[in-house]
Structure formats: C-alpha cells, structure tokens
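Participant: Just passing along the structure, written as structure tokens.
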Amino acid sequence: MPAPGDDAAAWALRHPLDAAGERALEAWLASDPRNAGALLRAMAALTVMDRVIMDDAETPPHPAPATRWSSRRGLLIGMTGAIAASVAGLIGWRQFAADHVTTARGEIRRLPFADGSVATIDSDSALRVVLASEQRWIALDRGQAWFQVAKDRSRPFVVDAGIAQARAVGTAFSVERRDDGVEVAVTEGQVAVWPSAASGTMTILHAGQYARFRSSDAAPVTGTAPAAIERALAWRGGEIALENETVAAAVARFNRYNHRQLVVDDAELAQERLIGLFQIDRPEDFAASLAASFPVAVTSDPDTIRLGRKKSPPS
C-alpha cells in the first residue's frame with residue numbers, strides 16, 4: 001500500500017477537483033487519520049517549490065536540463081516540514097524570468113498571458129508572473145487582480161498572496177491582498193485555497209463563494225455572496241457599486257483610484273449608508289449625489305473634496 005505521502009502528492013498536484021474528485025478526496029481523507037496532515041505538507045511543499053522558482057528568477061537565467069522539471073512529482077513525494085530549509089540545495093531548478101507588472105493609482109490594466117489566460121489588474125497593484133512548463137505562478141505583492149484562467153490541467157495556475165495560496169485550472173476568480181489579510185472570490189468554476197503556512201485546512205470554493213484569510217487564523221472565513229462579489233468587482237468596468245455601504249467605506253474606495261481625495265469631516269456622516277452606481281474617476285459626482293441625499297456641505301480645491309454637515313442657520 002502506498003505511504004500517505006505518495007497519495008498526498010498525487011492529490012496536491014491534481015487540484016482543483018470536479019465533484020467526483022471531491023468525493024474521492026473526502027473518502028481518502030477519511031480512510032486514514034494521517035492523510036489530512038500529509039496533504040497539507042504536500043501543498044506546503046508545492047508552495048515552497050514555487051517560491052524557489054521565483055527566488056531563482058530574480059537572477060539572470062542559465063542553462064539547465066529540461067528534465068529537471070519532470071522530476072517535480074517525485075521530489076514532492078515524502079517531503080516533510082524540513083523542505084523549506086533543504087529544497088533549494090536538493091533541486092537544481094531551471095530558472096525562469098519573472099514579468100513584473102504594476103499599476104499606478106487610477107490605472108486598471110487588462111493583461112493577456114501567453115497561455116491564453118487574462119489578468120485584470122486593479123489600481124495601485126503589483127504582481128509577478130512566471131509561466132513555466134509544469135505550472136503557472138503569480139505572486140500578488142499588493143492590491144487586487146481578477147484572473148480568467150485558460151484550461152490546462154497539466155499546468156495548474158497558482159496565485160501566491162503571501163499568507164494565502166489559490167490554485168485553479170480553467171476558472172475565474174479574484175485575489176485581493178490588503179494590510180489586514182487576503183480575500184479570494186470565485187466568479188466561475190472552482191478554486192482550492194489554503195494558508196501558506198499549511199497550519200490550517202484546504203478549502204474548495206465554488207462560483208459565488210469567497211474566503212477571507214487573516215495571518216492569525218488557521219482557516220479562512222468563508223461564505224456565499226455572488227451578488228456582493230459582482231458589486232465588489234465593478235471596478236473592472238470602471239465603476240463603484242454601493243449597496244448599503246457607509247460613506248466612509250465608499251470614500252475609501254474612491255480614494256483608491258483618484259489623486260483628488262475625498263475627505264469626510266463629520267463622524268456621523270461617515271457612518272451614513274448608501275446605495276448607488278458611480279464612475280470610478282468622478283468623485284465630484286459622488287459628492288454631488290451625497291449632497292442631494294443628505295444635508296452635506298461640499299467644499300473643493302484641486303487636491304481634495306471635503307464633505308461635512310451643513311450648519312443649521314441661526315434662529
């Protein structure tokens with residue numbers, strides 16, 4: 001009978017799964033109490049391998065035998081927690097050049113990849129791309145991107161967002177990396193997500209579902225909210241969609257895209273809630289709409305649009 005690590009390596013390389021695959025995985029996990037830990041170690045090993053590729057990609061490439069990539073499956077089997085310290089010395093990885101992509105404030109970029117996938121990159125974001133022979137690897141260093149992944153089961157598509165990893169084949173999903181954590185939201189197909197430290201569990205997300213990771217948590221908070229996900233991704237079309245959100249939250253979203261910043265001078269006004277659809281690059285229209293709905297005074301200069309409560313006239 002194969003050791004748990006052998007099967008775990010196969011499952012780690014096979015993700016994401018269809019419905020039949022998920023049932024088979026659940027049966028395998030239930031068959032041996034050691035299997036869950038073995039699978040997490042295998043997923044962690046994949047993450048480390050991908051990071052080794054990126055570390056090597058920071059230096060100019062040099063020739064290496066093409067057969068080294070073919071040994072990835074064998075090297076994954078049986079690797080333990082010590083892989084992080086030893087993998088760089090054990091594997092003569094072929095080096096690949098990484099494409100560094102950044103967007104400025106207010107810039108939304110559509111980036112086609114050579115494999116047919118497309119990334120739509122949000123304002124003030126940065127990512128690195130490596131398209132290798134056995135895996136497609138994206139490091140999201142900051143900001144957000146929505147990925148439409150071309151199907152290629154021989155080359156899984158992995159997004160590394162620091163504390164969290166997402167792995168997909170032929171799907172569409174977004175990853176947002178913020179100061180307080182990471183959020184993955186699926187708009188089509190399914191995506192496997194897990195903590196980078198492999199101290200928690202792997203989760204399969206389907207279309208309309210999300211996972212929110214915090215560095216202190218072993219597992220993400222998950223939920224189903226297809227309408228909210230679509231509203232949150234309205235930036236892809238140059239819009240901000242608000243549905244019972246606070247003025248403070250709306251202002252923060254506008255300020256992500258515009259050099260002319262909105263400033264709320266009244267704490268109570270900041271907590272008022274809004275519904276509406278606005279153009280990302282028109283903060284003045286948002287201010288005018290706010291003034292039409294609430295007793296708001298708007299004052300402007302070239303750099304800021306200030307929002308405060310209108311003062312009642314003296315009696």
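Labeling convention for the structure tokens: chains A, B, ... as they appear, residues from 1 per chain, ligands from 1 in order of appearance.
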Can you pull out the residues contacting Gly189 (chain A)? Cut-off 8 Å, using only C-alpha atoms, and skip same-chain residues under 6 positions away; I want them as a PDB file with all heavy atoms, in the first residue's frame.

Facilitator:
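Below is the file around03.pdb, written as the result:
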```pdb
ATOM      1  N   GLY A 170      -8.727  26.508 -15.302  1.00  0.00           N
ATOM      2  CA  GLY A 170      -9.909  26.816 -16.085  1.00  0.00           C
ATOM      3  C   GLY A 170     -11.038  27.403 -15.258  1.00  0.00           C
ATOM      4  O   GLY A 170     -12.089  26.773 -15.110  1.00  0.00           O
ATOM      5  N   THR A 171     -10.863  28.584 -14.737  1.00  0.00           N
ATOM      6  CA  THR A 171     -11.863  29.209 -13.879  1.00  0.00           C
ATOM      7  C   THR A 171     -11.656  30.713 -13.905  1.00  0.00           C
ATOM      8  O   THR A 171     -10.790  31.222 -14.604  1.00  0.00           O
ATOM      9  CB  THR A 171     -11.755  28.646 -12.447  1.00  0.00           C
ATOM     10  OG1 THR A 171     -12.827  29.129 -11.661  1.00  0.00           O
ATOM     11  CG2 THR A 171     -10.452  29.060 -11.799  1.00  0.00           C
ATOM     12  N   ALA A 172     -12.445  31.450 -13.120  1.00  0.00           N
ATOM     13  CA  ALA A 172     -12.270  32.894 -12.989  1.00  0.00           C
ATOM     14  C   ALA A 172     -12.430  33.257 -11.521  1.00  0.00           C
ATOM     15  O   ALA A 172     -13.397  32.839 -10.885  1.00  0.00           O
ATOM     16  CB  ALA A 172     -13.280  33.648 -13.848  1.00  0.00           C
ATOM     17  N   HIS A 206     -16.468  27.427  -4.718  1.00  0.00           N
ATOM     18  CA  HIS A 206     -17.198  27.362  -5.977  1.00  0.00           C
ATOM     19  C   HIS A 206     -17.644  28.770  -6.375  1.00  0.00           C
ATOM     20  O   HIS A 206     -17.533  29.714  -5.593  1.00  0.00           O
ATOM     21  CB  HIS A 206     -18.397  26.425  -5.839  1.00  0.00           C
ATOM     22  CG  HIS A 206     -18.020  25.021  -5.495  1.00  0.00           C
ATOM     23  ND1 HIS A 206     -17.767  24.058  -6.451  1.00  0.00           N
ATOM     24  CD2 HIS A 206     -17.823  24.411  -4.294  1.00  0.00           C
ATOM     25  CE1 HIS A 206     -17.444  22.931  -5.871  1.00  0.00           C
ATOM     26  NE2 HIS A 206     -17.471  23.107  -4.562  1.00  0.00           N
ATOM     27  N   ALA A 207     -18.158  28.897  -7.592  1.00  0.00           N
ATOM     28  CA  ALA A 207     -18.606  30.202  -8.081  1.00  0.00           C
ATOM     29  C   ALA A 207     -19.581  30.836  -7.093  1.00  0.00           C
ATOM     30  O   ALA A 207     -20.503  30.183  -6.604  1.00  0.00           O
ATOM     31  CB  ALA A 207     -19.264  30.043  -9.444  1.00  0.00           C
TER      32      ALA A 207
END
```

Participant: Just the residues within 12 Å of Ala250 (chain A), please, counting only C-alpha atoms, with nothing from its chain fewer than 5 positions along; format it as a VMD selection string.

Facilitator: chain A and resid 232 239 to 245 255 to 257 261 to 264 269 to 278 280 283 286 to 287 290

Participant: As a PDB file with N, CA, C and O atoms, in the first residue's frame, please: every residue in region 147-269 of chain A that DSSP puts in helix (DSSP H, G or I).

Facilitator:
```pdb
ATOM      1  N   PRO A 226     -22.782  35.774  -4.154  1.00  0.00           N
ATOM      2  CA  PRO A 226     -22.487  36.088  -5.563  1.00  0.00           C
ATOM      3  C   PRO A 226     -22.775  37.533  -5.943  1.00  0.00           C
ATOM      4  O   PRO A 226     -21.997  38.145  -6.689  1.00  0.00           O
ATOM      5  N   ALA A 227     -23.869  38.106  -5.449  1.00  0.00           N
ATOM      6  CA  ALA A 227     -24.195  39.492  -5.804  1.00  0.00           C
ATOM      7  C   ALA A 227     -23.176  40.455  -5.223  1.00  0.00           C
ATOM      8  O   ALA A 227     -22.730  41.400  -5.891  1.00  0.00           O
ATOM      9  N   ALA A 228     -22.779  40.231  -3.978  1.00  0.00           N
ATOM     10  CA  ALA A 228     -21.787  41.100  -3.339  1.00  0.00           C
ATOM     11  C   ALA A 228     -20.438  41.001  -4.041  1.00  0.00           C
ATOM     12  O   ALA A 228     -19.722  41.999  -4.180  1.00  0.00           O
ATOM     13  N   ILE A 229     -20.080  39.799  -4.489  1.00  0.00           N
ATOM     14  CA  ILE A 229     -18.813  39.623  -5.208  1.00  0.00           C
ATOM     15  C   ILE A 229     -18.837  40.421  -6.509  1.00  0.00           C
ATOM     16  O   ILE A 229     -17.865  41.106  -6.851  1.00  0.00           O
ATOM     17  N   GLU A 230     -19.935  40.351  -7.248  1.00  0.00           N
ATOM     18  CA  GLU A 230     -20.026  41.102  -8.504  1.00  0.00           C
ATOM     19  C   GLU A 230     -19.965  42.601  -8.257  1.00  0.00           C
ATOM     20  O   GLU A 230     -19.324  43.337  -9.016  1.00  0.00           O
ATOM     21  N   ARG A 231     -20.611  43.083  -7.184  1.00  0.00           N
ATOM     22  CA  ARG A 231     -20.536  44.513  -6.870  1.00  0.00           C
ATOM     23  C   ARG A 231     -19.109  44.905  -6.538  1.00  0.00           C
ATOM     24  O   ARG A 231     -18.619  45.958  -6.977  1.00  0.00           O
ATOM     25  N   ALA A 232     -18.438  44.079  -5.755  1.00  0.00           N
ATOM     26  CA  ALA A 232     -17.063  44.399  -5.361  1.00  0.00           C
ATOM     27  C   ALA A 232     -16.123  44.439  -6.555  1.00  0.00           C
ATOM     28  O   ALA A 232     -15.098  45.124  -6.520  1.00  0.00           O
ATOM     29  N   ALA A 234     -16.968  45.549  -9.555  1.00  0.00           N
ATOM     30  CA  ALA A 234     -17.441  46.531 -10.548  1.00  0.00           C
ATOM     31  C   ALA A 234     -16.304  47.398 -11.070  1.00  0.00           C
ATOM     32  O   ALA A 234     -16.412  47.991 -12.148  1.00  0.00           O
ATOM     33  N   TRP A 235     -15.189  47.466 -10.334  1.00  0.00           N
ATOM     34  CA  TRP A 235     -14.037  48.258 -10.786  1.00  0.00           C
ATOM     35  C   TRP A 235     -13.519  47.783 -12.147  1.00  0.00           C
ATOM     36  O   TRP A 235     -12.913  48.569 -12.891  1.00  0.00           O
ATOM     37  N   ARG A 236     -13.762  46.518 -12.491  1.00  0.00           N
ATOM     38  CA  ARG A 236     -13.304  46.018 -13.793  1.00  0.00           C
ATOM     39  C   ARG A 236     -13.919  46.812 -14.943  1.00  0.00           C
ATOM     40  O   ARG A 236     -13.323  46.920 -16.019  1.00  0.00           O
ATOM     41  N   GLY A 237     -15.127  47.345 -14.731  1.00  0.00           N
ATOM     42  CA  GLY A 237     -15.796  48.156 -15.738  1.00  0.00           C
ATOM     43  C   GLY A 237     -15.712  49.639 -15.452  1.00  0.00           C
ATOM     44  O   GLY A 237     -16.460  50.436 -16.043  1.00  0.00           O
ATOM     45  N   VAL A 247     -20.624  55.792   4.105  1.00  0.00           N
ATOM     46  CA  VAL A 247     -19.931  56.858   3.379  1.00  0.00           C
ATOM     47  C   VAL A 247     -18.425  56.684   3.516  1.00  0.00           C
ATOM     48  O   VAL A 247     -17.673  56.860   2.545  1.00  0.00           O
ATOM     49  N   ALA A 248     -17.967  56.321   4.708  1.00  0.00           N
ATOM     50  CA  ALA A 248     -16.530  56.135   4.934  1.00  0.00           C
ATOM     51  C   ALA A 248     -15.963  55.055   4.020  1.00  0.00           C
ATOM     52  O   ALA A 248     -14.888  55.213   3.432  1.00  0.00           O
ATOM     53  N   ALA A 249     -16.682  53.928   3.879  1.00  0.00           N
ATOM     54  CA  ALA A 249     -16.212  52.846   3.012  1.00  0.00           C
ATOM     55  C   ALA A 249     -16.212  53.282   1.552  1.00  0.00           C
ATOM     56  O   ALA A 249     -15.284  52.973   0.796  1.00  0.00           O
ATOM     57  N   ALA A 250     -17.246  54.022   1.143  1.00  0.00           N
ATOM     58  CA  ALA A 250     -17.314  54.498  -0.236  1.00  0.00           C
ATOM     59  C   ALA A 250     -16.178  55.465  -0.529  1.00  0.00           C
ATOM     60  O   ALA A 250     -15.544  55.391  -1.593  1.00  0.00           O
ATOM     61  N   VAL A 251     -15.903  56.362   0.393  1.00  0.00           N
ATOM     62  CA  VAL A 251     -14.814  57.330   0.213  1.00  0.00           C
ATOM     63  C   VAL A 251     -13.482  56.613   0.072  1.00  0.00           C
ATOM     64  O   VAL A 251     -12.645  56.964  -0.774  1.00  0.00           O
ATOM     65  N   ALA A 252     -13.260  55.600   0.884  1.00  0.00           N
ATOM     66  CA  ALA A 252     -12.008  54.838   0.797  1.00  0.00           C
ATOM     67  C   ALA A 252     -11.852  54.206  -0.576  1.00  0.00           C
ATOM     68  O   ALA A 252     -10.745  54.166  -1.139  1.00  0.00           O
ATOM     69  N   ARG A 253     -12.939  53.727  -1.157  1.00  0.00           N
ATOM     70  CA  ARG A 253     -12.870  53.112  -2.480  1.00  0.00           C
ATOM     71  C   ARG A 253     -12.583  54.152  -3.559  1.00  0.00           C
ATOM     72  O   ARG A 253     -11.753  53.921  -4.448  1.00  0.00           O
ATOM     73  N   PHE A 254     -13.246  55.299  -3.499  1.00  0.00           N
ATOM     74  CA  PHE A 254     -12.955  56.359  -4.466  1.00  0.00           C
ATOM     75  C   PHE A 254     -11.501  56.811  -4.364  1.00  0.00           C
ATOM     76  O   PHE A 254     -10.827  57.051  -5.377  1.00  0.00           O
ATOM     77  N   ASN A 255     -11.006  56.946  -3.151  1.00  0.00           N
ATOM     78  CA  ASN A 255      -9.644  57.453  -2.960  1.00  0.00           C
ATOM     79  C   ASN A 255      -8.588  56.491  -3.471  1.00  0.00           C
ATOM     80  O   ASN A 255      -7.453  56.891  -3.741  1.00  0.00           O
ATOM     81  N   ARG A 256      -8.938  55.219  -3.615  1.00  0.00           N
ATOM     82  CA  ARG A 256      -8.001  54.245  -4.174  1.00  0.00           C
ATOM     83  C   ARG A 256      -7.685  54.560  -5.637  1.00  0.00           C
ATOM     84  O   ARG A 256      -6.609  54.235  -6.136  1.00  0.00           O
ATOM     85  N   TYR A 257      -8.636  55.213  -6.317  1.00  0.00           N
ATOM     86  CA  TYR A 257      -8.499  55.408  -7.757  1.00  0.00           C
ATOM     87  C   TYR A 257      -8.182  56.832  -8.182  1.00  0.00           C
ATOM     88  O   TYR A 257      -7.859  57.047  -9.357  1.00  0.00           O
ATOM     89  N   ALA A 267     -18.105  62.768  11.696  1.00  0.00           N
ATOM     90  CA  ALA A 267     -18.113  61.353  12.066  1.00  0.00           C
ATOM     91  C   ALA A 267     -19.472  60.705  11.820  1.00  0.00           C
ATOM     92  O   ALA A 267     -19.549  59.538  11.402  1.00  0.00           O
ATOM     93  N   GLU A 268     -20.549  61.409  12.071  1.00  0.00           N
ATOM     94  CA  GLU A 268     -21.879  60.840  11.848  1.00  0.00           C
ATOM     95  C   GLU A 268     -22.142  60.650  10.351  1.00  0.00           C
ATOM     96  O   GLU A 268     -22.701  59.632   9.930  1.00  0.00           O
ATOM     97  N   LEU A 269     -21.737  61.618   9.559  1.00  0.00           N
ATOM     98  CA  LEU A 269     -21.891  61.492   8.112  1.00  0.00           C
ATOM     99  C   LEU A 269     -21.120  60.283   7.591  1.00  0.00           C
ATOM    100  O   LEU A 269     -21.594  59.561   6.709  1.00  0.00           O
TER     101      LEU A 269
END
```

Participant: Mind checking which residues fall within 10 Å of Thr222 (chain A), counting only C-alpha atoms, ignoring those fewer than 2 positions away in the same chain, and posting them as number ranges by chain?

Facilitator: A: 183-185, 203, 205, 209-213, 219-220, 224-225

Participant: Using DSSP secondary structure from the backbone, list all strand (DSSP E or B) positions within region 117-215 of chain A, as a ChimeraX atom specification.

Facilitator: /A:118-121,126-131,136-148,157-160,164-168,172-178,181-188,190-195,203-206,209-213
